[in-house]
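Novice: Would you mind keeping the following structure in view while I ask a few things?
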Amino acid sequence: MERLTAQERAAVEHVAGAPMLEQVQAWCAINSGTRNLAGVATMGAVLADAFSTLPGEIAMVEPSPVEAVEADGRVVTIDHGRHLHLTVRPDAPVQMLFTGHMDTVYGVDHPFQSLTIRPDGAINAPGSADMKGGLALMLAALRAVEASALAPRIGYEVVINSDEETGSFASAALLARAARGKVAALTYEPALADGTLAGARGGTGNFALVVAGRSAHAGRNPHEGRNAVVAAADLALRLSRAGREGLSVNPARIEGGGPNNVVPEHAVLRVNFRPRDAEAITEAQAALDAAVRDVAAAHDVRIEAHGSFNRPPKPIDAGAERLFGLVREVGADLGLPIAWQFSGGVCDGNNIAACGVPVVDTMGARGGAIHSSDEFLIPESLPERAALSALTILRIAERGHP
């Protein structure tokens with residue numbers, strides 16, 4: 001701490017007084033599962049009110065249209081909540097991007113709905129770490145920056161989307177626009193419980209393969225049918241064999257079939273790819289195309305592929321190295337050891353990096369067991385991580401770059 005400037009010490013004191021814990025507790029009480037549009041709208045309104053304490057223009061942006069494949073193979077448009085977008089000092093010499101998400105994986109019918117305090121003091125609550133804690137400390141950090149004399153030097157955009165947990169399809173265009181011209185970005189996914197950050201990340205692709213066969217009587221004339229479930233199973237096996245180190249392939253679900261005495265004419269295979277690099281994406285796409293072509297011919301069925309590789313892999317390039325180095329430097333000055341490691345998980349940081357903007361995407365609270373009923377947040381990490389963000393932003397403002 002002795003290496004901090006007076007301005008930085010003031011920022012640390014500022015975040016220490018922010019009501020982050022109270023905000024987390026209140027926000028976790030709002031169910032904002034991605035598909036709970038009423039809950040997401042409530043959460044969006046609460047966040048808009050909280051972030052209105054910052055200068056600039058705040059808006060709730062309509063989601064982009066998103067298509068999905070139903071169990072019966074129909075392609076439908078699904079609704080999403082609006083996204084929060086704040087723009088502050090767009091003419092300032094240094095421009096940054098800060099992102100988070102208001103949605104969680106816990107729907108209104110999920111059994112995990114309430115907050116408890118564990119014996120070790122950690123908060124066990126839906127979305128506590130992922131990422132309502134991150135949103136609270138992001139706000140605290142930005143308010144500390146606004147209280148600094150360096151504030152006029154830095155402009156920024158804040159995007160808090162409503163659909164990160166389902167791939168950010170309804171917010172991808174907004175994120176891409178907001179990333180333009182930024183020297184760096186911080187995203188507030190949770191760090192590990194020991195503070196370790198995600199460094200490089202793999203990518204992801206989700207596909208629905210709709211198989212159209214031909215029905216027939218299972219006893220009288222099964223040879224005249226074309227079994228869509230068998231074809232989907234063949235697809236699953238072929239795609240599974242395409243997996244290797246650096247490319248995981250997960251055939252996750254087959255939907256279709258019907259009565260035992262009917263050859264099924266319809267099935268949908270849902271499959272997830274996790275490519276570690278661009279080469280793996282090319283390989284995965286080739287495997288997918290070959291499997292669709294060969295299974296369609298072998299089983300005399302029609303197959304339509306829906307989906308995309310929506311999160312590109314995120315390598316650590318020179319710009320990211322510099323930004324990570326700055327975060328580590330700030331952490332050292334605060335007495336916080338900063339390390340990072342590869343993550344097979346994906347987030348909006350993947351898409352921001354693909355826009356050419358250096359990003360550290362685990363600037364949120366320390367916690368763990370996310371996407372489960374054991375999700376927890378470590379409360380003392382709120383002021384420490386808010387200070388880490390605030391000082392990182394102030395040093396970028398002062399230097400003009402990471």
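Each chain in the structure tokens gets a letter, A, B, ..., in the order shown, and its residues are numbered from 1; ligands are numbered from 1 in order too.
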Env of Gly199 (chain A): 6 Å cut, atoms = only C-alpha atoms, seq-sep filter 4 positions within chain, self excluded. Answer as an NGL selection string.
Specialist: :A and (340-342)
Novice: With only C-alpha atoms as the counted atoms, please give the residues lying no more than 10 Å from Ala129 (chain A), apart from itself and same-chain residues fewer than 6 positions off, as a count of residues only.
Specialist: 23
Novice: I'd like to know which of A:Val327, A:Ala200, A:Ala232, A:Ala179 is closest to Asp277 (chain A), using only C-alpha atoms.
Specialist: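 Among the listed residues, A:Ala200 lies closest to Asp277 (chain A).
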Novice: So that I can see what lies close to Ser248 (chain A), please list as number ranges by chain the residues with an atom at most 10 Å from it, counting only C-alpha atoms and leaving out residues fewer than 5 positions away in the same chain.
Specialist: A: 204, 239-243, 272-276, 280, 284, 344
Novice: Go through A:Gln7, A:Gly319, A:Phe51, A:Gly219 and flag the residue nearest Ala149 (chain A), using only C-alpha atoms for the distances.
Specialist: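 Using only C-alpha atoms, Ala149 (chain A) sits closest to A:Gln7.
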Novice: Would you give me, as an MDAnalysis selection string, the residues in region 138-376 of chain A that DSSP reads as strand (DSSP E or B)?
Specialist: chainID A and resid 154:161 184:188 191 197:201 204:212 214 216:217 226 244 247:256 262:263 266:275 302:311 314 340:343 359:360 362 366:368 376
Novice: Do you know which residues are at most 9 Å from Gly307 (chain A) counting only C-alpha atoms, after dropping those on the same chain fewer than 6 positions away, and could you put them as a VMD selection string?
Specialist: chain A and resid 68 205 to 209
Novice: Please produce a file of those selected residues containing all heavy atoms, as a PDB file, in the first residue's frame.
Specialist:
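Resulting contents of again_10.pdb:
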ATOM      1  N   ALA A  68     -34.280 -19.899 -32.110  1.00  0.00           N
ATOM      2  CA  ALA A  68     -33.967 -21.138 -31.405  1.00  0.00           C
ATOM      3  C   ALA A  68     -34.727 -22.275 -32.072  1.00  0.00           C
ATOM      4  O   ALA A  68     -35.761 -22.061 -32.724  1.00  0.00           O
ATOM      5  CB  ALA A  68     -34.349 -21.037 -29.935  1.00  0.00           C
ATOM      6  N   GLY A 205     -19.179 -23.523 -29.463  1.00  0.00           N
ATOM      7  CA  GLY A 205     -20.168 -23.524 -30.540  1.00  0.00           C
ATOM      8  C   GLY A 205     -21.301 -24.458 -30.165  1.00  0.00           C
ATOM      9  O   GLY A 205     -21.061 -25.572 -29.666  1.00  0.00           O
ATOM     10  N   ASN A 206     -22.512 -24.017 -30.348  1.00  0.00           N
ATOM     11  CA  ASN A 206     -23.695 -24.826 -30.045  1.00  0.00           C
ATOM     12  C   ASN A 206     -24.514 -25.032 -31.299  1.00  0.00           C
ATOM     13  O   ASN A 206     -24.789 -24.063 -32.036  1.00  0.00           O
ATOM     14  CB  ASN A 206     -24.540 -24.148 -28.967  1.00  0.00           C
ATOM     15  CG  ASN A 206     -23.853 -24.175 -27.616  1.00  0.00           C
ATOM     16  OD1 ASN A 206     -23.706 -25.230 -27.009  1.00  0.00           O
ATOM     17  ND2 ASN A 206     -23.425 -23.011 -27.143  1.00  0.00           N
ATOM     18  N   PHE A 207     -24.918 -26.267 -31.531  1.00  0.00           N
ATOM     19  CA  PHE A 207     -25.649 -26.615 -32.743  1.00  0.00           C
ATOM     20  C   PHE A 207     -26.840 -27.504 -32.422  1.00  0.00           C
ATOM     21  O   PHE A 207     -26.785 -28.330 -31.506  1.00  0.00           O
ATOM     22  CB  PHE A 207     -24.729 -27.341 -33.738  1.00  0.00           C
ATOM     23  CG  PHE A 207     -23.633 -26.466 -34.284  1.00  0.00           C
ATOM     24  CD1 PHE A 207     -22.454 -26.288 -33.565  1.00  0.00           C
ATOM     25  CD2 PHE A 207     -23.793 -25.796 -35.490  1.00  0.00           C
ATOM     26  CE1 PHE A 207     -21.448 -25.463 -34.050  1.00  0.00           C
ATOM     27  CE2 PHE A 207     -22.795 -24.979 -35.980  1.00  0.00           C
ATOM     28  CZ  PHE A 207     -21.613 -24.812 -35.259  1.00  0.00           C
ATOM     29  N   ALA A 208     -27.897 -27.318 -33.194  1.00  0.00           N
ATOM     30  CA  ALA A 208     -29.056 -28.210 -33.182  1.00  0.00           C
ATOM     31  C   ALA A 208     -29.157 -28.819 -34.576  1.00  0.00           C
ATOM     32  O   ALA A 208     -29.288 -28.085 -35.573  1.00  0.00           O
ATOM     33  CB  ALA A 208     -30.333 -27.445 -32.841  1.00  0.00           C
ATOM     34  N   LEU A 209     -29.080 -30.135 -34.663  1.00  0.00           N
ATOM     35  CA  LEU A 209     -29.141 -30.851 -35.937  1.00  0.00           C
ATOM     36  C   LEU A 209     -30.510 -31.507 -36.044  1.00  0.00           C
ATOM     37  O   LEU A 209     -30.826 -32.445 -35.300  1.00  0.00           O
ATOM     38  CB  LEU A 209     -28.030 -31.893 -36.016  1.00  0.00           C
ATOM     39  CG  LEU A 209     -26.618 -31.357 -35.731  1.00  0.00           C
ATOM     40  CD1 LEU A 209     -25.592 -32.484 -35.808  1.00  0.00           C
ATOM     41  CD2 LEU A 209     -26.260 -30.232 -36.674  1.00  0.00           C
TER      42      LEU A 209
END
Novice: Select from region 321-362 of chain A everything DSSP, run on the backbone, classes as alpha helix (DSSP H), then give the selection as a count of residues only.
Specialist: 21
Novice: Between A:Ala252, A:Leu54, A:Ile396, A:Val105, which one has atoms that come closest to Asn36 (chain A), using only C-alpha atoms?
Specialist: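 Ranked by minimum distance to Asn36 (chain A), first place goes to A:Val105.
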Novice: Using only C-alpha atoms, tabulate the residues of region 204-257 of chain A lying at most 8 Å from any atom of region 296-305 of chain A, each with its closest atom pair and that distance in Å to one decimal, by chain and increasing residue number, as JSON lines.
Specialist:
{"residue": "A:Phe207", "atom": "CA", "partner": "A:Ala305", "partner_atom": "CA", "distance": 6.8}
{"residue": "A:Ala208", "atom": "CA", "partner": "A:Ala305", "partner_atom": "CA", "distance": 6.0}
{"residue": "A:Leu209", "atom": "CA", "partner": "A:Ala305", "partner_atom": "CA", "distance": 4.6}
{"residue": "A:Val210", "atom": "CA", "partner": "A:Glu304", "partner_atom": "CA", "distance": 5.1}
{"residue": "A:Val211", "atom": "CA", "partner": "A:Ile303", "partner_atom": "CA", "distance": 4.6}
{"residue": "A:Ala212", "atom": "CA", "partner": "A:Arg302", "partner_atom": "CA", "distance": 5.1}
{"residue": "A:Gly213", "atom": "CA", "partner": "A:Val301", "partner_atom": "CA", "distance": 4.8}
{"residue": "A:Arg214", "atom": "CA", "partner": "A:Val301", "partner_atom": "CA", "distance": 7.8}
{"residue": "A:Arg226", "atom": "CA", "partner": "A:Val301", "partner_atom": "CA", "distance": 6.6}
{"residue": "A:Asn227", "atom": "CA", "partner": "A:His299", "partner_atom": "CA", "distance": 7.6}
{"residue": "A:Ala228", "atom": "CA", "partner": "A:Val301", "partner_atom": "CA", "distance": 7.2}
{"residue": "A:Ala231", "atom": "CA", "partner": "A:His299", "partner_atom": "CA", "distance": 6.2}
